[in-house]
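Here's input.cif, which has mmCIF, C-alpha atoms (C1' of nucleotides):
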```cif
data_target
#
loop_
_atom_site.label_atom_id
_atom_site.label_comp_id
_atom_site.auth_asym_id
_atom_site.auth_seq_id
_atom_site.Cartn_x
_atom_site.Cartn_y
_atom_site.Cartn_z
CA MET A 1098 19.75 -25.50 29.05
CA CYS A 1099 19.69 -24.23 25.55
CA ASP A 1100 21.70 -21.10 25.98
CA SER A 1101 22.82 -20.97 22.37
CA TRP A 1102 19.33 -20.23 21.11
CA ARG A 1103 19.49 -22.01 17.85
CA VAL A 1104 16.08 -20.79 16.94
CA ARG A 1105 15.14 -21.64 13.41
CA ARG A 1106 15.53 -18.82 10.95
CA TYR A 1107 12.51 -18.33 8.75
CA PHE A 1108 12.41 -16.02 5.80
CA HIS A 1109 9.53 -13.59 5.82
CA PRO A 1110 9.06 -11.14 2.98
CA ASP A 1111 8.91 -7.49 3.82
CA PRO A 1112 5.38 -6.08 3.55
CA LYS A 1113 6.55 -4.02 0.59
CA ASP A 1114 7.77 -7.13 -1.17
CA ILE A 1115 4.49 -8.98 -0.92
CA ARG A 1116 3.22 -9.68 -4.43
CA LEU A 1117 -0.41 -10.21 -5.29
CA PRO A 1118 0.14 -13.10 -7.74
CA ALA A 1119 2.15 -14.93 -5.10
CA VAL A 1120 -0.57 -14.42 -2.52
CA LEU A 1121 -3.27 -15.57 -4.90
CA PHE A 1122 -1.25 -18.58 -5.95
CA ALA A 1123 -0.72 -19.53 -2.33
CA LEU A 1124 -4.47 -19.42 -1.84
CA SER A 1125 -5.27 -21.25 -5.07
CA ASP A 1126 -4.79 -24.62 -3.42
CA ALA A 1127 -7.63 -26.13 -1.42
CA THR A 1128 -5.26 -27.48 1.22
CA ARG A 1129 -3.57 -24.14 1.76
CA LEU A 1130 -6.89 -22.35 1.69
CA GLY A 1131 -8.02 -24.63 4.50
CA ILE A 1132 -4.85 -23.89 6.44
CA VAL A 1133 -5.36 -20.15 6.13
CA LEU A 1134 -8.98 -20.55 7.08
CA ALA A 1135 -8.00 -22.51 10.15
CA LEU A 1136 -5.59 -19.71 11.05
CA SER A 1137 -8.22 -17.05 10.56
CA ASP A 1138 -9.27 -17.29 14.21
CA GLY A 1139 -6.33 -15.03 14.96
CA ARG A 1140 -4.55 -17.57 17.11
CA GLU A 1141 -1.31 -19.38 16.55
CA HIS A 1142 -1.34 -22.96 15.37
CA THR A 1143 1.49 -25.44 15.06
CA ALA A 1144 2.06 -27.44 11.93
CA GLY A 1145 0.91 -30.52 13.79
CA GLU A 1146 -2.43 -28.97 14.63
CA LEU A 1147 -2.96 -27.86 11.07
CA GLY A 1148 -1.89 -31.11 9.49
CA GLY A 1149 -4.72 -33.49 8.81
CA ASP A 1150 -3.82 -36.68 7.05
CA ILE A 1151 -1.09 -35.27 4.87
CA ALA A 1152 2.59 -36.04 5.31
CA LYS A 1153 4.72 -33.78 7.44
CA SER A 1154 6.95 -32.84 4.55
CA THR A 1155 3.90 -31.88 2.54
CA MET A 1156 2.73 -29.64 5.34
CA THR A 1157 6.16 -28.04 5.53
CA HIS A 1158 5.95 -27.44 1.80
CA HIS A 1159 2.55 -25.74 2.03
CA LEU A 1160 3.54 -23.65 5.02
CA LYS A 1161 6.66 -22.55 3.19
CA ILE A 1162 4.66 -21.34 0.22
CA LEU A 1163 2.23 -19.51 2.48
CA ARG A 1164 5.05 -17.97 4.47
CA GLU A 1165 7.14 -16.88 1.51
CA SER A 1166 4.10 -15.32 -0.13
CA GLY A 1167 3.68 -13.15 2.93
CA LEU A 1168 0.49 -14.71 4.16
CA LEU A 1169 1.67 -16.07 7.46
CA TRP A 1170 4.29 -15.57 10.10
CA VAL A 1171 6.16 -18.39 11.72
CA ARG A 1172 7.63 -18.25 15.18
CA SER A 1173 9.93 -20.97 16.36
CA GLU A 1174 9.74 -22.09 19.95
CA GLY A 1175 11.46 -25.24 21.03
CA THR A 1176 10.76 -27.99 18.56
CA ARG A 1177 7.52 -26.46 17.50
CA CYS A 1178 6.69 -23.70 15.08
CA PHE A 1179 3.77 -21.42 15.67
CA ASN A 1180 2.06 -20.13 12.55
CA SER A 1181 -0.19 -17.12 12.46
CA LEU A 1182 -1.79 -15.00 9.78
CA ARG A 1183 -0.12 -11.70 8.92
CA THR A 1184 -3.45 -9.96 9.01
CA ALA A 1185 -2.07 -6.51 9.82
CA ASP A 1186 0.52 -6.55 7.06
CA LEU A 1187 -1.96 -7.89 4.54
CA GLU A 1188 -4.52 -5.36 5.62
CA GLN A 1189 -2.02 -2.59 5.13
CA ARG A 1190 -0.99 -3.85 1.72
CA TYR A 1191 -4.38 -4.94 0.37
CA PRO A 1192 -7.09 -3.38 2.52
CA GLY A 1193 -10.11 -5.58 2.88
CA LEU A 1194 -8.85 -8.23 0.53
CA LEU A 1195 -8.02 -10.98 3.00
CA GLY A 1196 -11.34 -10.62 4.75
CA HIS A 1197 -13.25 -10.99 1.50
CA LEU A 1198 -11.08 -13.87 0.43
CA LEU A 1199 -11.59 -15.80 3.64
CA GLY A 1200 -15.26 -14.97 3.71
CA SER A 1201 -15.69 -16.31 0.21
CA ALA A 1202 -13.69 -19.39 1.11
CA THR A 1203 -15.81 -19.99 4.20
CA ARG A 1204 -19.01 -19.73 2.21
CA ASP A 1205 -17.60 -22.21 -0.27
CA GLY A 1206 -16.84 -24.64 2.52
CA TYR A 1207 -13.09 -24.79 2.49
CA GLY A 1208 -12.77 -24.81 6.25
CA SER A 1209 -11.79 -28.44 6.61
CA ALA A 1210 -8.09 -28.45 7.28
CA GLY A 1211 -7.84 -28.64 11.02
CA ASP A 1212 -10.60 -26.65 12.66
CA ARG A 1213 -14.07 -26.81 11.25
CA GLY A 1214 -17.20 -25.16 12.44
CA ASN A 1215 -15.60 -21.75 12.59
CA GLY A 1216 -18.13 -19.29 11.32
CA ARG A 1217 -16.60 -15.92 11.95
CA PRO A 1218 -13.42 -14.73 10.32
CA ALA A 1219 -12.51 -12.44 13.22
CA LEU A 1220 -10.57 -10.26 10.83
CA PRO A 1221 -10.36 -6.50 10.39
CA GLY A 1222 -13.21 -5.38 8.22
CA ARG A 1223 -16.62 -6.83 8.57
CA GLY A 1224 -17.53 -10.10 7.03
CA PRO A 1225 -18.39 -10.15 3.37
CA GLY A 1226 -21.70 -11.17 2.01
CA GLU A 1227 -23.47 -8.12 3.31
CA GLY A 1228 -25.30 -6.27 0.63
CA PRO A 1229 -24.59 -7.74 -2.77
CA ALA A 1230 -24.68 -4.95 -5.29
CA GLY A 1231 -27.66 -6.17 -7.23
CA ALA A 1232 -26.10 -8.93 -9.29
CA GLU A 1233 -28.12 -9.11 -12.42
CA ALA A 1234 -27.61 -12.67 -13.57
CA GLY A 1235 -28.52 -12.79 -17.20
CA THR A 1236 -25.37 -12.82 -19.21
CA ASP A 1237 -26.61 -15.31 -21.71
CA MET B 967 -23.20 -15.08 -46.61
CA CYS B 968 -22.64 -16.85 -43.41
CA ASP B 969 -26.08 -18.28 -42.98
CA SER B 970 -24.77 -21.46 -41.39
CA TRP B 971 -23.59 -19.69 -38.24
CA ARG B 972 -20.62 -21.83 -37.36
CA VAL B 973 -20.02 -19.85 -34.24
CA ARG B 974 -17.31 -21.27 -32.05
CA ARG B 975 -18.53 -23.14 -29.02
CA TYR B 976 -16.86 -22.06 -25.81
CA PHE B 977 -17.34 -23.74 -22.48
CA HIS B 978 -18.39 -21.44 -19.66
CA PRO B 979 -18.90 -22.76 -16.15
CA ASP B 980 -22.22 -22.19 -14.51
CA PRO B 981 -22.07 -19.51 -11.80
CA LYS B 982 -22.73 -22.23 -9.24
CA ASP B 983 -19.76 -24.20 -10.49
CA ILE B 984 -17.26 -21.38 -10.12
CA ARG B 985 -14.64 -22.40 -7.59
CA LEU B 986 -12.58 -19.98 -5.57
CA PRO B 987 -9.23 -21.83 -5.92
CA ALA B 988 -9.67 -21.89 -9.69
CA VAL B 989 -10.41 -18.17 -9.75
CA LEU B 990 -7.43 -17.40 -7.56
CA PHE B 991 -5.18 -19.60 -9.62
CA ALA B 992 -6.31 -17.88 -12.78
CA LEU B 993 -5.35 -14.56 -11.22
CA SER B 994 -2.06 -15.82 -9.80
CA ASP B 995 -0.27 -15.17 -13.07
CA ALA B 996 0.95 -11.68 -13.87
CA THR B 997 0.01 -12.02 -17.53
CA ARG B 998 -3.53 -13.11 -16.76
CA LEU B 999 -3.84 -10.48 -14.07
CA GLY B 1000 -2.94 -7.91 -16.68
CA ILE B 1001 -5.52 -9.31 -19.06
CA VAL B 1002 -8.24 -9.14 -16.45
CA LEU B 1003 -7.17 -5.65 -15.54
CA ALA B 1004 -7.37 -4.61 -19.16
CA LEU B 1005 -10.87 -6.06 -19.30
CA SER B 1006 -11.94 -4.25 -16.16
CA ASP B 1007 -13.11 -1.27 -18.20
CA GLY B 1008 -16.30 -3.22 -18.80
CA ARG B 1009 -15.85 -3.36 -22.54
CA GLU B 1010 -15.17 -6.27 -24.81
CA HIS B 1011 -11.69 -6.91 -26.08
CA THR B 1012 -10.43 -9.33 -28.68
CA ALA B 1013 -7.52 -11.60 -28.06
CA GLY B 1014 -5.51 -9.57 -30.50
CA GLU B 1015 -6.09 -6.39 -28.55
CA LEU B 1016 -5.12 -8.05 -25.29
CA GLY B 1017 -2.06 -9.78 -26.65
CA GLY B 1018 1.08 -7.80 -26.18
CA ASP B 1019 4.25 -9.50 -27.26
CA ILE B 1020 3.25 -13.01 -26.38
CA ALA B 1021 2.50 -15.73 -28.91
CA LYS B 1022 -1.06 -16.24 -30.06
CA SER B 1023 -1.18 -19.76 -28.69
CA THR B 1024 -0.02 -18.50 -25.32
CA MET B 1025 -2.83 -15.98 -25.32
CA THR B 1026 -5.32 -18.68 -26.20
CA HIS B 1027 -3.99 -20.71 -23.29
CA HIS B 1028 -4.38 -17.86 -20.81
CA LEU B 1029 -7.82 -16.92 -22.06
CA LYS B 1030 -8.90 -20.53 -21.73
CA ILE B 1031 -7.81 -20.69 -18.11
CA LEU B 1032 -9.56 -17.42 -17.35
CA ARG B 1033 -12.70 -18.53 -19.14
CA GLU B 1034 -12.88 -21.98 -17.56
CA SER B 1035 -12.37 -20.52 -14.12
CA GLY B 1036 -15.46 -18.41 -14.67
CA LEU B 1037 -13.70 -15.08 -14.82
CA LEU B 1038 -14.55 -14.08 -18.35
CA TRP B 1039 -17.07 -14.65 -21.07
CA VAL B 1040 -16.13 -15.16 -24.67
CA ARG B 1041 -18.36 -14.34 -27.60
CA SER B 1042 -17.45 -15.47 -31.05
CA GLU B 1043 -18.17 -13.22 -33.99
CA GLY B 1044 -16.66 -13.95 -37.33
CA THR B 1045 -13.02 -14.80 -36.96
CA ARG B 1046 -12.73 -12.78 -33.81
CA CYS B 1047 -13.55 -13.57 -30.20
CA PHE B 1048 -14.74 -10.89 -27.85
CA ASN B 1049 -13.76 -11.34 -24.24
CA SER B 1050 -15.44 -9.63 -21.33
CA LEU B 1051 -15.37 -9.95 -17.58
CA ARG B 1052 -18.24 -11.85 -15.93
CA THR B 1053 -18.60 -9.12 -13.35
CA ALA B 1054 -22.24 -9.83 -12.55
CA ASP B 1055 -21.74 -13.54 -12.01
CA LEU B 1056 -18.64 -12.99 -9.96
CA GLU B 1057 -20.37 -10.31 -7.94
CA GLN B 1058 -23.21 -12.69 -7.22
CA ARG B 1059 -20.90 -15.50 -6.21
CA TYR B 1060 -18.26 -13.51 -4.34
CA PRO B 1061 -19.65 -10.09 -3.54
CA GLY B 1062 -17.03 -7.40 -3.59
CA LEU B 1063 -14.17 -9.76 -4.18
CA LEU B 1064 -13.38 -8.94 -7.78
CA GLY B 1065 -13.38 -5.24 -7.10
CA HIS B 1066 -10.90 -5.61 -4.29
CA LEU B 1067 -8.77 -7.97 -6.32
CA LEU B 1068 -8.56 -5.62 -9.28
CA GLY B 1069 -8.03 -2.64 -7.05
CA SER B 1070 -5.11 -4.36 -5.36
CA ALA B 1071 -3.72 -5.39 -8.71
CA THR B 1072 -4.00 -1.85 -10.00
CA ARG B 1073 -2.17 -0.47 -7.00
CA ASP B 1074 0.56 -3.05 -7.57
CA GLY B 1075 0.91 -1.92 -11.15
CA TYR B 1076 -0.19 -4.97 -13.07
CA GLY B 1077 -2.07 -3.02 -15.69
CA SER B 1078 0.38 -3.58 -18.49
CA ALA B 1079 -1.11 -6.25 -20.69
CA GLY B 1080 -2.75 -4.32 -23.47
CA ASP B 1081 -4.35 -1.19 -22.17
CA ARG B 1082 -2.44 0.91 -19.70
CA GLY B 1083 -3.37 4.16 -18.08
CA ASN B 1084 -6.74 2.94 -16.94
CA GLY B 1085 -7.30 4.31 -13.50
CA ARG B 1086 -10.78 3.32 -12.57
CA PRO B 1087 -12.08 -0.24 -12.39
CA ALA B 1088 -15.62 0.71 -13.36
CA LEU B 1089 -16.93 -2.31 -11.51
CA PRO B 1090 -19.95 -2.84 -9.28
CA GLY B 1091 -19.06 -1.72 -5.81
CA ARG B 1092 -16.91 1.27 -5.22
CA GLY B 1093 -13.25 1.21 -5.83
CA PRO B 1094 -11.11 -0.36 -3.16
CA GLY B 1095 -8.61 1.55 -1.15
CA GLU B 1096 -11.32 3.88 0.09
CA GLY B 1097 -11.91 3.53 3.76
CA PRO B 1098 -9.66 0.79 5.01
CA ALA B 1099 -11.10 -0.61 8.18
CA GLY B 1100 -8.48 0.80 10.49
CA ALA B 1101 -5.52 -1.37 9.72
CA GLU B 1102 -3.68 -1.59 12.97
CA ALA B 1103 -0.15 -2.19 11.82
CA GLY B 1104 1.68 -3.57 14.77
CA THR B 1105 2.37 -7.25 14.29
CA ASP B 1106 5.83 -7.15 15.60
"C1'" DC C 919 -10.50 -19.75 -56.40
"C1'" DC C 920 -6.66 -17.76 -53.67
"C1'" DC C 921 -5.26 -14.78 -49.96
"C1'" DA C 922 -5.24 -12.38 -45.51
"C1'" DA C 923 -6.79 -12.06 -40.74
"C1'" DT C 924 -7.90 -14.22 -36.49
"C1'" DG C 925 -7.83 -17.94 -33.29
"C1'" DT C 926 -7.31 -22.81 -32.14
"C1'" DT C 927 -4.92 -27.17 -31.98
"C1'" DT C 928 -0.85 -29.91 -31.68
"C1'" DG C 929 3.92 -30.89 -30.50
"C1'" DA C 930 7.91 -29.91 -27.95
"C1'" DT C 931 10.59 -28.10 -24.14
"C1'" DA C 932 11.91 -26.43 -19.77
"C1'" DG C 933 10.37 -25.47 -15.47
"C1'" DT C 934 7.40 -25.93 -11.38
"C1'" DC C 935 4.04 -28.16 -8.17
"C1'" DG C 936 2.01 -31.55 -5.00
"C1'" DC C 937 3.06 -35.46 -2.64
"C1'" DG C 938 5.36 -38.80 0.07
"C1'" DG C 939 9.49 -41.21 2.02
"C1'" DT C 940 13.72 -41.12 4.15
"C1'" DA C 941 17.23 -39.07 6.59
"C1'" DC C 942 18.61 -35.38 9.52
"C1'" DA C 943 18.44 -31.68 13.18
"C1'" DT C 944 16.78 -29.76 17.40
"C1'" DA C 945 14.58 -29.60 22.09
"C1'" DG C 946 12.79 -31.89 26.00
"C1'" DA C 947 12.28 -35.78 29.02
"C1'" DT C 948 13.87 -40.07 31.03
"C1'" DA D 150 23.26 -40.89 26.35
"C1'" DT D 151 19.03 -42.53 24.63
"C1'" DC D 152 14.46 -41.94 23.29
"C1'" DT D 153 10.56 -39.27 21.68
"C1'" DA D 154 8.29 -35.40 19.51
"C1'" DT D 155 8.35 -31.95 16.14
"C1'" DG D 156 9.88 -30.04 11.84
"C1'" DT D 157 13.09 -29.45 8.02
"C1'" DA D 158 16.11 -30.82 3.97
"C1'" DC D 159 16.70 -33.64 0.20
"C1'" DC D 160 15.35 -36.87 -3.34
"C1'" DG D 161 12.35 -38.70 -6.69
"C1'" DC D 162 8.03 -39.39 -9.15
"C1'" DG D 163 3.97 -38.06 -11.71
"C1'" DA D 164 1.39 -34.38 -13.17
"C1'" DC D 165 0.78 -29.87 -14.44
"C1'" DT D 166 2.25 -25.08 -16.36
"C1'" DA D 167 4.06 -21.49 -19.38
"C1'" DT D 168 5.97 -20.68 -23.55
"C1'" DC D 169 6.65 -20.81 -28.45
"C1'" DA D 170 6.49 -22.53 -33.34
"C1'" DA D 171 4.11 -24.67 -36.84
"C1'" DA D 172 0.06 -26.51 -38.86
"C1'" DC D 173 -4.83 -26.16 -39.15
"C1'" DA D 174 -9.62 -24.17 -39.25
"C1'" DT D 175 -12.79 -20.54 -40.07
"C1'" DT D 176 -14.36 -16.18 -41.90
"C1'" DG D 177 -14.25 -12.41 -45.07
"C1'" DG D 178 -12.73 -10.20 -49.25
"C1'" DG D 179 -10.31 -9.88 -53.89
#
```

When written as structure tokens, how does the structure in this file appear?
Amino acid sequence: MCDSWRVRRYFHPDPKDIRLPAVLFALSDATRLGIVLALSDGREHTAGELGGDIAKSTMTHHLKILRESGLLWVRSEGTRCFNSLRTADLEQRYPGLLGHLLGSATRDGYGSAGDRGNGRPALPGRGPGEGPAGAEAGTD
Amino acid sequence: MCDSWRVRRYFHPDPKDIRLPAVLFALSDATRLGIVLALSDGREHTAGELGGDIAKSTMTHHLKILRESGLLWVRSEGTRCFNSLRTADLEQRYPGLLGHLLGSATRDGYGSAGDRGNGRPALPGRGPGEGPAGAEAGTD
DNA sequence: CCCAATGTTTGATAGTCGCGGTACATAGAT
DNA sequence: ATCTATGTACCGCGACTATCAAACATTGGG
């Protein structure tokens, strides 16, 4: 009856210790970008749900990088781990950034990790792509 | 007197070929983040101006990654190369993203590559950090 | 011509990353 | 206890990255 509660101990950086290069590096991989995009519905997802055709150890590796960069929170329950985006902490640290990032990723079609067809980020701050500030394309 | 125009040929990706993971990877390095931040004044800077105490070849390496990711444009003139941010192209591809990125980087204090003390991004779209969309901090 | 200034290219090194495979640990069910 | 499901830890491999030093190329000026 599991009285000892050997819940897995995950390291999560304090919001103050979240570093922008680490966050950007975590998102600079298409696989991880897809994972974050799949998590952008605000719900919790297990590693199994997020994992497509990649090996389990690879998924653990990616989730570790995302977690240690401060992008997601992992909650252990039984044999499963529930991953969720740290939207509030990220929003506090970098207001509006995550929303723009995920919006840009969605428009680029990186939502192919586990859940596709998700069109709305459901994140604080309205979706990006509204009102481009007159991009004058004519550099050359 | 230089009638032959042997201007150096740099590769610049088409705006349509700019990929978000490549952009994020380019910005996931503190040195490159500092370079981009130094360039965020909208002016052109030579590699020599941007280079702090790092080797010239290292600077060439970083500038190449930034250029090939679509973040900056390089113009050759004489023996010097003038680097500038591709703000318009980036704004067209990912509206508002670069501004938020640089704003977050500034707040984290990554403006220490060549020009420090620059407080305003001077980029299309107002500076970030103004009007956060009600970050409800209460994850835990 | 030679020399200085500015970048680029090449080589070398040490470290990291992405990936999978295997073994291991934990929780739940039989 | 055994089996299954779910993840993690560890190992190795190939590829990539960051860094520098040295050699090279190009331009401009004596």

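Among A:Gly1200, A:Gly1175, A:Gly1208, A:Gly1148, the residue with the shortest atom-to-atom distance to chain B, counting all atoms listed in the file, is A:Gly1200.
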
>> Only residues of chain B matter here; which ones have an atom within 10 Å of chain C, counting only C-alpha atoms (C1' of nucleotides)? Give them as a PyMOL selection string.
In response: chain B and resi 1012-1014+1022-1023+1025-1027+1044-1047

>> Using all atoms listed in the file, can you tell me which of A:Arg1204, A:His1159, A:His1197, A:Arg1140 comes closest to chain B?
In response: A:His1197

>> When you count all atoms listed in the file, which of these residues is closest to chain D: B:Asp983, B:Glu1010, B:Glu1043, B:Glu1015?
In response: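 Among the listed residues, B:Glu1043 lies closest to chain D.
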
Show me, as a tab-separated table, the residues of chain D having an atom within 7 Å of chain B, each with the closest atom pair and its distance in Å, using all atoms listed in the file.
```
residue	atom	partner	partner_atom	distance
D:DT168	C1'	B:Thr1024	CA	6.6
D:DC169	C1'	B:Ala1021	CA	6.6
D:DT175	C1'	B:Thr1045	CA	6.5
D:DT176	C1'	B:Thr1045	CA	5.3
```

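Proximity to chain A was assessed for B:Tyr976, B:Trp1039, B:Phe1048, B:Phe991 counting only C-alpha atoms; the smallest distance is recorded for B:Phe991.
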
>> Need the shell around Glu1034 in chain B: protein/DNA/RNA residues with any atom at most 9 Å away, counting all atoms listed in the file. Skip same-chain ones fewer than 4 positions apart. Format as a PyMOL selection string?
In response: chain B and resi 977-979+984+988+1029-1030+1038

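With C1' of DA158 in chain D on one side and CA of Pro1112 in chain A on the other, the separation reads 27.0 Å.
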
> In Å to one decimal, how far is CA of Val989 in chain B from CA of His1142 in chain A?
Replying inline: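 Answer for the CA of His1142 in chain A to CA of Val989 in chain B separation: 27.1 Å.
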
>> I'd like the residues picked by the PyMOL selection byres ((chain A and resi 1201) around 12) written out as a PyMOL selection string, using the chain letters and numbers from the file.
In response: (chain A and resi 1124+1130+1134+1194-1200+1202-1208+1216-1218+1224-1227) or (chain B and resi 984-987+989-990+1056-1064)

> Looking at only C-alpha atoms, which of B:Ser994, B:Ser1050, B:Ser1006, B:Ser1035 is the one that sits closest to chain A?
Replying inline: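 Of all the options, B:Ser994 lies closest to chain A.
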
>> Here is a test: counting all atoms listed in the file, which residue of A:Arg1106, A:Gly1131, A:Asp1150, A:Asp1138 is nearest to chain B?
In response: A:Gly1131

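Pairwise distance (CA of Lys982 in chain B, CA of Arg1041 in chain B) equals 20.5 Å.
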